[in-house]
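A.B. asks: File query30.cif below, mmCIF, C-alpha atoms:
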```cif
data_upload
loop_
_atom_site.label_atom_id
_atom_site.label_comp_id
_atom_site.auth_asym_id
_atom_site.auth_seq_id
_atom_site.Cartn_x
_atom_site.Cartn_y
_atom_site.Cartn_z
CA MET G 27 0.00 0.00 0.00
CA SER G 28 1.39 3.38 -1.00
CA LYS G 29 1.79 5.95 1.76
CA PRO G 30 -0.01 9.26 1.23
CA ARG G 31 2.01 12.46 1.62
CA ILE G 32 -0.71 13.80 3.91
CA SER G 33 -2.28 11.28 6.27
CA TYR G 34 -5.81 10.00 5.83
CA VAL G 35 -8.37 10.84 8.48
CA ASP G 36 -9.74 7.49 9.61
CA PRO G 37 -13.52 7.60 9.08
CA SER G 38 -13.95 5.46 12.22
CA THR G 39 -12.68 8.40 14.28
CA VAL G 40 -15.16 10.89 12.81
CA LYS G 41 -17.94 11.95 15.18
CA ASP G 42 -20.06 14.13 12.89
CA PRO G 43 -22.99 11.99 11.61
CA ALA G 44 -23.27 14.06 8.42
CA MET G 45 -19.58 13.57 7.62
CA ILE G 46 -19.87 9.84 8.32
CA ALA G 47 -22.83 9.64 5.93
CA GLU G 48 -20.84 11.49 3.26
CA PHE G 49 -17.89 9.10 3.63
CA GLU G 50 -20.31 6.19 3.20
CA ARG G 51 -21.81 7.83 0.11
CA CYS G 52 -18.31 8.30 -1.34
CA ALA G 53 -17.55 4.61 -0.86
CA ARG G 54 -20.89 3.63 -2.39
CA GLU G 55 -21.13 6.12 -5.26
CA GLY G 56 -17.65 7.59 -5.71
CA THR G 57 -16.68 10.76 -7.58
CA PRO G 58 -15.23 11.64 -5.15
CA ARG G 59 -13.94 8.41 -3.68
CA PRO G 60 -13.34 8.29 0.10
CA GLU G 61 -9.54 8.54 -0.06
CA SER G 62 -9.48 12.09 -1.38
CA GLN G 63 -12.17 13.11 1.08
CA ALA G 64 -10.15 11.49 3.90
CA ILE G 65 -7.39 14.00 3.07
CA ARG G 66 -9.79 16.95 2.93
CA ALA G 67 -11.36 15.84 6.22
CA HIS G 68 -8.40 17.32 8.13
CA VAL G 69 -10.27 20.59 7.59
CA PRO G 70 -14.04 20.01 7.76
CA ALA G 71 -14.74 23.25 5.89
CA THR G 72 -12.59 21.97 3.02
CA PHE G 73 -14.31 18.57 3.14
CA TRP G 74 -17.75 20.16 2.85
CA SER G 75 -16.70 22.82 0.38
CA PHE G 76 -15.63 20.15 -2.07
CA ALA G 77 -18.53 17.79 -1.35
CA ASN G 78 -21.11 20.53 -1.83
CA THR G 79 -19.45 21.97 -4.94
CA TRP G 80 -19.17 18.52 -6.50
CA ARG G 81 -22.84 17.81 -5.81
CA ASP G 82 -24.15 21.17 -7.00
CA VAL G 83 -21.84 21.82 -9.97
CA PHE G 84 -20.79 18.39 -11.25
CA LYS G 85 -23.60 15.98 -10.39
CA ASN G 86 -26.39 18.52 -10.70
CA GLY G 87 -26.41 21.99 -12.27
CA VAL G 88 -27.51 23.38 -15.63
CA ALA G 89 -25.06 21.77 -18.07
CA ASP G 90 -25.22 18.24 -19.49
CA HIS G 91 -23.64 15.95 -16.90
CA LYS G 92 -22.15 13.66 -19.56
CA ILE G 93 -20.28 16.62 -21.05
CA LYS G 94 -18.91 17.58 -17.65
CA GLU G 95 -17.80 13.98 -17.13
CA LEU G 96 -15.94 13.96 -20.46
CA CYS G 97 -14.25 17.24 -19.47
CA ARG G 98 -13.28 15.75 -16.09
CA ILE G 99 -11.55 12.79 -17.68
CA TYR G 100 -9.96 15.03 -20.31
CA VAL G 101 -8.30 16.89 -17.43
CA SER G 102 -7.23 13.58 -15.83
CA ARG G 103 -5.63 12.39 -19.04
CA SER G 104 -3.93 15.77 -19.53
CA VAL G 105 -2.46 16.30 -16.07
CA LEU G 106 -1.94 12.56 -15.40
CA CYS G 107 -4.04 12.34 -12.27
CA GLU G 108 -4.39 8.58 -12.06
CA PHE G 109 -6.55 8.71 -8.95
CA CYS G 110 -9.20 10.76 -10.73
CA GLY G 111 -8.68 9.21 -14.16
CA ASN G 112 -9.49 5.72 -12.88
CA GLN G 113 -12.95 6.78 -11.71
CA ARG G 114 -16.16 7.02 -13.70
CA SER G 115 -19.42 8.84 -13.05
CA ILE G 116 -22.23 6.40 -12.29
CA LYS G 117 -24.75 9.05 -13.30
CA ALA G 118 -23.08 9.52 -16.68
CA ALA G 119 -23.02 5.77 -17.29
CA LYS G 120 -26.72 5.53 -16.47
CA SER G 121 -27.31 8.36 -18.95
CA GLY G 122 -25.63 6.44 -21.76
CA LEU G 123 -21.94 7.33 -21.59
CA LYS G 124 -19.87 4.24 -22.41
CA GLU G 125 -16.28 3.30 -21.62
CA ASP G 126 -15.30 3.66 -25.28
CA ASP G 127 -16.38 7.31 -25.08
CA TYR G 128 -13.32 8.04 -22.94
CA SER G 129 -10.78 6.57 -25.34
CA ASP G 130 -10.17 9.49 -27.71
CA LEU G 131 -10.36 12.43 -25.34
CA ILE G 132 -6.85 13.73 -25.90
CA ASN G 133 -7.44 13.68 -29.66
CA PHE G 134 -11.04 14.80 -29.44
CA GLU G 135 -10.95 17.26 -32.36
CA SER G 136 -10.15 14.54 -34.90
CA SER G 137 -12.26 11.82 -33.28
CA ILE G 138 -15.58 10.62 -34.67
CA ARG G 139 -16.76 9.67 -31.17
CA TYR G 140 -17.82 13.18 -30.18
CA ASP G 141 -20.41 15.51 -31.63
CA ASP G 142 -19.82 19.21 -32.27
CA ARG G 143 -21.22 20.23 -28.89
CA GLN G 144 -19.00 17.81 -26.99
CA LYS G 145 -15.97 18.92 -28.99
CA ALA G 146 -16.68 22.56 -28.19
CA ALA G 147 -16.85 21.77 -24.47
CA LEU G 148 -13.63 19.77 -24.66
CA ALA G 149 -11.93 22.64 -26.48
CA TYR G 150 -13.03 24.85 -23.58
CA ALA G 151 -11.51 22.35 -21.12
CA GLU G 152 -8.33 22.19 -23.20
CA ALA G 153 -7.97 25.97 -23.27
CA ILE G 154 -8.39 26.24 -19.49
CA THR G 155 -6.08 23.31 -18.76
CA TRP G 156 -3.26 24.41 -21.07
CA ASP G 157 -3.68 28.21 -20.98
CA LEU G 158 -4.33 28.37 -24.71
CA PRO G 159 -5.27 31.59 -26.56
CA CYS G 160 -9.02 32.16 -26.89
CA ASP G 161 -9.97 34.40 -29.80
CA ASP G 162 -13.36 35.57 -31.09
CA ALA G 163 -13.79 32.42 -33.19
CA PHE G 164 -13.19 30.26 -30.12
CA TRP G 165 -15.88 32.08 -28.16
CA ALA G 166 -18.27 32.13 -31.10
CA ARG G 167 -17.95 28.35 -31.20
CA LEU G 168 -18.80 28.08 -27.50
CA HIS G 169 -21.74 30.48 -27.70
CA LYS G 170 -23.13 28.51 -30.65
CA HIS G 171 -23.51 25.43 -28.49
CA PHE G 172 -24.01 26.65 -24.93
CA SER G 173 -25.95 29.25 -22.99
CA GLU G 174 -24.04 31.66 -20.78
CA PRO G 175 -25.10 29.83 -17.60
CA GLU G 176 -23.81 26.58 -19.12
CA LEU G 177 -20.51 28.24 -20.05
CA VAL G 178 -20.15 29.56 -16.51
CA GLU G 179 -20.83 26.16 -14.98
CA ILE G 180 -18.59 24.18 -17.36
CA GLY G 181 -15.74 26.68 -17.04
CA TYR G 182 -16.00 26.77 -13.26
CA PHE G 183 -16.19 22.99 -13.07
CA VAL G 184 -13.14 22.50 -15.30
CA ALA G 185 -11.21 25.01 -13.19
CA ILE G 186 -12.21 23.27 -9.95
CA THR G 187 -11.42 19.76 -11.16
CA MET G 188 -8.15 20.82 -12.81
CA GLY G 189 -6.90 22.42 -9.59
CA GLN G 190 -7.99 19.48 -7.48
CA GLN G 191 -6.44 16.93 -9.83
CA ARG G 192 -3.13 18.78 -10.01
CA TRP G 193 -3.11 18.75 -6.21
CA LEU G 194 -4.22 15.12 -5.77
CA ARG G 195 -1.55 13.78 -8.11
CA THR G 196 1.10 15.11 -5.68
CA LEU G 197 -0.37 13.29 -2.67
CA ASN G 198 0.42 9.66 -3.57
CA ILE G 199 -3.09 8.52 -2.69
CA GLU G 200 -4.64 5.39 -4.14
CA HIS G 201 -8.01 3.68 -4.29
CA HIS G 202 -9.15 0.89 -1.96
CA GLN G 203 -7.27 2.32 1.03
CA ILE G 204 -10.22 3.90 2.87
CA LEU G 205 -13.54 2.07 3.39
CA ALA G 206 -12.26 -0.64 1.09
CA GLY G 207 -14.56 -3.29 -0.32
CA GLN G 208 -16.89 -1.10 -2.35
CA ASP G 209 -16.23 -0.27 -6.00
CA GLY G 210 -18.57 2.67 -6.52
CA SER G 211 -17.51 4.70 -9.58
CA MET G 212 -14.36 2.72 -10.28
CA ALA G 213 -13.45 2.31 -13.96
CA PRO G 214 -13.58 -1.19 -15.47
CA GLY G 215 -10.48 -3.10 -14.40
CA PHE G 216 -10.00 -1.04 -11.25
CA GLU G 217 -12.81 -2.40 -9.07
CA THR G 218 -10.50 -4.05 -6.49
CA GLU G 219 -6.97 -3.43 -5.25
CA GLU G 220 -5.76 -6.53 -7.08
CA ALA G 221 -7.47 -5.59 -10.33
CA LEU G 222 -6.11 -2.06 -10.08
CA LYS G 223 -2.55 -3.32 -9.72
CA LEU G 224 -2.91 -5.58 -12.77
CA SER G 225 -4.46 -2.83 -14.87
CA LYS G 226 -1.64 -0.43 -14.03
CA GLN G 227 0.91 -3.03 -15.13
CA ALA G 228 -0.68 -3.42 -18.57
CA ALA G 229 1.34 -2.16 -21.52
CA ASP G 230 -1.57 -0.06 -22.75
CA TYR G 231 -2.37 1.56 -19.38
CA TRP G 232 -3.40 5.12 -20.24
CA ALA G 233 -1.07 6.87 -17.79
CA LYS G 234 2.10 5.22 -19.11
CA VAL G 235 2.26 7.70 -21.97
CA ASN G 236 2.20 11.40 -21.15
CA PRO G 237 -0.62 12.81 -23.29
CA LYS G 238 0.36 16.46 -22.81
CA PRO G 239 0.00 18.26 -26.18
CA ALA G 240 3.56 19.60 -26.31
CA SER G 241 2.94 21.70 -29.38
CA GLN G 242 0.09 23.55 -27.67
CA ALA G 243 0.73 23.55 -23.94
CA ALA G 244 1.99 26.75 -22.41
CA GLU G 245 3.76 24.96 -19.57
#
```
Written as structure tokens, how would this file's structure read?
C.D. replies:
Amino acid sequence: MSKPRISYVDPSTVKDPAMIAEFERCAREGTPRPESQAIRAHVPATFWSFANTWRDVFKNGVADHKIKELCRIYVSRSVLCEFCGNQRSIKAAKSGLKEDDYSDLINFESSIRYDDRQKAALAYAEAITWDLPCDDAFWARLHKHFSEPELVEIGYFVAITMGQQRWLRTLNIEHHQILAGQDGSMAPGFETEEALKLSKQAADYWAKVNPKPASQAAE
């Protein structure tokens, strides 16, 4: 078991019934999984800030949840946050998003998997993630497909998840370390600790190749 750079708060030591219920929901439903929340739980205000934002902006809100889920995994693939990239939204899956829909995210513009609206949202995520220039044509494309409230929500969500993922990838956290035994939101092949280890050893494991678009990224 890898050792996190900041210790986990053991859910068994938590006294707040609402926080206990949220930990149990994380284990059952994921996104977020309990390990990341066990780090945030050192500061209850941080724990709840993220939980409430994730519920209100990612799981609910005004924009298509499936589009927000594609943007979330685009960020994971871009910044190489394995912890986040190996999770899937149960809500998005129930709404029709399939595992194959995640496969071309880094090359979304040339992929036939995504429609024009999805590609516009992913271009928005790409611009935020890599600090790309955004001219009038870029914004005309976004306004063609989304209302201003949707653009606010998608942009805010991408910014939140990008910052969180860049932070989480420094912490050396891993799945199945807190409230283990439930596989809520885990990607196929990552449902157990043993399966996760095997999937990460595979030659085609997504995080073995840095997908950063070197010709475009400002970093």
A.B. asks: Name the residues, using the chain letters and numbers of the file, that sit within 9 Å of (-6.6, 2.6, -24.2) when counting only C-alpha atoms, and give them as a ChimeraX atom specification.
C.D. replies: /G:126,128-130,230-232
A.B. asks: Just to confirm, what's the straight-line distance from CA of Cys160 (chain G) to CA of Arg139 (chain G) in Å (one decimal)?
C.D. replies: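 The value is 24.2 Å.
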A.B. asks: I'd like the interatomic distance between CA of Lys29 (chain G) and CA of Ile65 (chain G), to a tenth of an Å.
C.D. replies: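 A separation of 12.3 Å between them.
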A.B. asks: Could you give me, as a PyMOL selection string, the residues that sit within 12 Å of (-11.3, 2.0, -6.0) in the file's coordinates, counting all atoms listed in the file?
C.D. replies: chain G and resi 52-62+108-114+199-223
A.B. asks: Can you work out the spacing between CA of Ala119 (chain G) and CA of Gln144 (chain G) in Å, to one decimal?
C.D. replies: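 Computing the Euclidean distance for CA of Ala119 (chain G) and CA of Gln144 (chain G) yields 16.0 Å.
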A.B. asks: On this file, the PyMOL selection byres ((chain G and resi 195) around 12) gives some set of residues; write that set as a list in words.
C.D. replies: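 Here the PyMOL selection byres ((chain G and resi 195) around 12) matches Pro30, Arg31, Ser62, Val101, Ser102, Arg103, Ser104, Val105, Leu106, Cys107, Glu108, Phe109, Cys110, Gly111, Thr187, Met188, Gly189, Gln190, Gln191, Arg192, Trp193, Leu194, Thr196, Leu197, Asn198, Ile199, Glu200 and Ala233 of chain G.
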A.B. asks: Dump C-alpha atoms for the selected residues as a PDB file, keeping the file's coordinate frame?
C.D. replies:
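For reference, selection30.pdb as written:
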```
ATOM      1  CA  PRO G  30      -0.010   9.260   1.230  1.00  0.00           C
ATOM      2  CA  ARG G  31       2.010  12.460   1.620  1.00  0.00           C
ATOM      3  CA  SER G  62      -9.480  12.090  -1.380  1.00  0.00           C
ATOM      4  CA  VAL G 101      -8.300  16.890 -17.430  1.00  0.00           C
ATOM      5  CA  SER G 102      -7.230  13.580 -15.830  1.00  0.00           C
ATOM      6  CA  ARG G 103      -5.630  12.390 -19.040  1.00  0.00           C
ATOM      7  CA  SER G 104      -3.930  15.770 -19.530  1.00  0.00           C
ATOM      8  CA  VAL G 105      -2.460  16.300 -16.070  1.00  0.00           C
ATOM      9  CA  LEU G 106      -1.940  12.560 -15.400  1.00  0.00           C
ATOM     10  CA  CYS G 107      -4.040  12.340 -12.270  1.00  0.00           C
ATOM     11  CA  GLU G 108      -4.390   8.580 -12.060  1.00  0.00           C
ATOM     12  CA  PHE G 109      -6.550   8.710  -8.950  1.00  0.00           C
ATOM     13  CA  CYS G 110      -9.200  10.760 -10.730  1.00  0.00           C
ATOM     14  CA  GLY G 111      -8.680   9.210 -14.160  1.00  0.00           C
ATOM     15  CA  THR G 187     -11.420  19.760 -11.160  1.00  0.00           C
ATOM     16  CA  MET G 188      -8.150  20.820 -12.810  1.00  0.00           C
ATOM     17  CA  GLY G 189      -6.900  22.420  -9.590  1.00  0.00           C
ATOM     18  CA  GLN G 190      -7.990  19.480  -7.480  1.00  0.00           C
ATOM     19  CA  GLN G 191      -6.440  16.930  -9.830  1.00  0.00           C
ATOM     20  CA  ARG G 192      -3.130  18.780 -10.010  1.00  0.00           C
ATOM     21  CA  TRP G 193      -3.110  18.750  -6.210  1.00  0.00           C
ATOM     22  CA  LEU G 194      -4.220  15.120  -5.770  1.00  0.00           C
ATOM     23  CA  THR G 196       1.100  15.110  -5.680  1.00  0.00           C
ATOM     24  CA  LEU G 197      -0.370  13.290  -2.670  1.00  0.00           C
ATOM     25  CA  ASN G 198       0.420   9.660  -3.570  1.00  0.00           C
ATOM     26  CA  ILE G 199      -3.090   8.520  -2.690  1.00  0.00           C
ATOM     27  CA  GLU G 200      -4.640   5.390  -4.140  1.00  0.00           C
ATOM     28  CA  ALA G 233      -1.070   6.870 -17.790  1.00  0.00           C
TER      29      ALA G 233
END
```
A.B. asks: Taking all atoms listed in the file into account, which of G:Ser225, G:Ile132, G:Gln63, G:Glu176 comes nearest Ser75 (chain G)?
C.D. replies: G:Gln63
A.B. asks: Give me, as an mmCIF file with C-alpha atoms, in the frame of the given file, all polymer residues having an atom no more than 12 Å from Ser173 (chain G), counting all atoms listed in the file and skipping those fewer than 5 positions away in the same chain.
C.D. replies:
```
data_model
loop_
_atom_site.group_PDB
_atom_site.id
_atom_site.type_symbol
_atom_site.label_atom_id
_atom_site.label_comp_id
_atom_site.auth_asym_id
_atom_site.auth_seq_id
_atom_site.Cartn_x
_atom_site.Cartn_y
_atom_site.Cartn_z
ATOM 1 C CA VAL G 88 -27.510 23.380 -15.630
ATOM 2 C CA ALA G 89 -25.060 21.770 -18.070
ATOM 3 C CA ASP G 90 -25.220 18.240 -19.490
ATOM 4 C CA ARG G 143 -21.220 20.230 -28.890
ATOM 5 C CA ALA G 147 -16.850 21.770 -24.470
ATOM 6 C CA TRP G 165 -15.880 32.080 -28.160
ATOM 7 C CA ALA G 166 -18.270 32.130 -31.100
ATOM 8 C CA ARG G 167 -17.950 28.350 -31.200
ATOM 9 C CA LEU G 168 -18.800 28.080 -27.500
ATOM 10 C CA VAL G 178 -20.150 29.560 -16.510
ATOM 11 C CA GLU G 179 -20.830 26.160 -14.980
ATOM 12 C CA ILE G 180 -18.590 24.180 -17.360
#
```
A.B. asks: Is it possible to get the axis-aligned box enclosing region 121-128 of chain G (all listed atoms, 4 Å extra per side) as AutoDock Vina command-line options, with centre and edge lengths in Å rounded to one decimal?
C.D. replies:
```
--center_x -20.3 --center_y 5.8 --center_z -22.1 --size_x 22.0 --size_y 13.1 --size_z 14.3
```
A.B. asks: Looking at all atoms listed in the file, which of G:Ile116, G:Ala163, G:Lys41, G:Ala185 is the one that sits closest to His91 (chain G)?
C.D. replies: G:Ile116
A.B. asks: Using all atoms listed in the file, pick whichever of G:Phe73, G:Leu224, G:Thr79, G:Leu148 has the shortest atom-to-atom distance to Ala44 (chain G).
C.D. replies: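 Closest to Ala44 (chain G) of all the choices is G:Phe73.
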A.B. asks: Could you tell me which residues the PyMOL selection byres ((chain G and resi 145) around 12) grabs in this file, written as a PyMOL selection string?
C.D. replies: chain G and resi 93-94+96-97+100+130-144+146-152+164+167-168+171-172
A.B. asks: Which of these residues is nearest to Trp80 (chain G), using only C-alpha atoms: G:Arg98, G:Leu158, G:Lys120, G:Glu50?
C.D. replies: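 Under the stated criterion, the closest residue is G:Arg98.
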A.B. asks: Could you pull region 176-187 of chain G out of the structure just shown and give N, CA and C atoms as a PDB file, in the first residue's frame?
C.D. replies:
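selection15.pdb, freshly written:
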```pdb
ATOM      1  N   GLU G 176     -24.546  27.831 -18.887  1.00  0.00           N
ATOM      2  CA  GLU G 176     -23.813  26.585 -19.122  1.00  0.00           C
ATOM      3  C   GLU G 176     -22.321  26.840 -19.239  1.00  0.00           C
ATOM      4  N   LEU G 177     -21.939  27.915 -19.905  1.00  0.00           N
ATOM      5  CA  LEU G 177     -20.513  28.237 -20.047  1.00  0.00           C
ATOM      6  C   LEU G 177     -19.894  28.576 -18.698  1.00  0.00           C
ATOM      7  N   VAL G 178     -20.649  29.261 -17.855  1.00  0.00           N
ATOM      8  CA  VAL G 178     -20.148  29.557 -16.509  1.00  0.00           C
ATOM      9  C   VAL G 178     -19.931  28.262 -15.740  1.00  0.00           C
ATOM     10  N   GLU G 179     -20.930  27.384 -15.768  1.00  0.00           N
ATOM     11  CA  GLU G 179     -20.826  26.156 -14.985  1.00  0.00           C
ATOM     12  C   GLU G 179     -19.716  25.245 -15.495  1.00  0.00           C
ATOM     13  N   ILE G 180     -19.635  25.046 -16.810  1.00  0.00           N
ATOM     14  CA  ILE G 180     -18.590  24.178 -17.362  1.00  0.00           C
ATOM     15  C   ILE G 180     -17.207  24.760 -17.080  1.00  0.00           C
ATOM     16  N   GLY G 181     -17.041  26.059 -17.296  1.00  0.00           N
ATOM     17  CA  GLY G 181     -15.743  26.678 -17.041  1.00  0.00           C
ATOM     18  C   GLY G 181     -15.342  26.585 -15.586  1.00  0.00           C
ATOM     19  N   TYR G 182     -16.283  26.864 -14.697  1.00  0.00           N
ATOM     20  CA  TYR G 182     -15.995  26.773 -13.261  1.00  0.00           C
ATOM     21  C   TYR G 182     -15.668  25.341 -12.871  1.00  0.00           C
ATOM     22  N   PHE G 183     -16.441  24.390 -13.395  1.00  0.00           N
ATOM     23  CA  PHE G 183     -16.192  22.993 -13.069  1.00  0.00           C
ATOM     24  C   PHE G 183     -14.820  22.546 -13.546  1.00  0.00           C
ATOM     25  N   VAL G 184     -14.462  22.891 -14.784  1.00  0.00           N
ATOM     26  CA  VAL G 184     -13.144  22.503 -15.298  1.00  0.00           C
ATOM     27  C   VAL G 184     -12.046  23.107 -14.428  1.00  0.00           C
ATOM     28  N   ALA G 185     -12.212  24.366 -14.030  1.00  0.00           N
ATOM     29  CA  ALA G 185     -11.207  25.012 -13.189  1.00  0.00           C
ATOM     30  C   ALA G 185     -11.083  24.313 -11.837  1.00  0.00           C
ATOM     31  N   ILE G 186     -12.230  23.966 -11.245  1.00  0.00           N
ATOM     32  CA  ILE G 186     -12.212  23.275  -9.951  1.00  0.00           C
ATOM     33  C   ILE G 186     -11.543  21.912 -10.063  1.00  0.00           C
ATOM     34  N   THR G 187     -11.970  21.110 -11.056  1.00  0.00           N
ATOM     35  CA  THR G 187     -11.423  19.763 -11.155  1.00  0.00           C
ATOM     36  C   THR G 187      -9.958  19.783 -11.587  1.00  0.00           C
TER      37      THR G 187
END
```
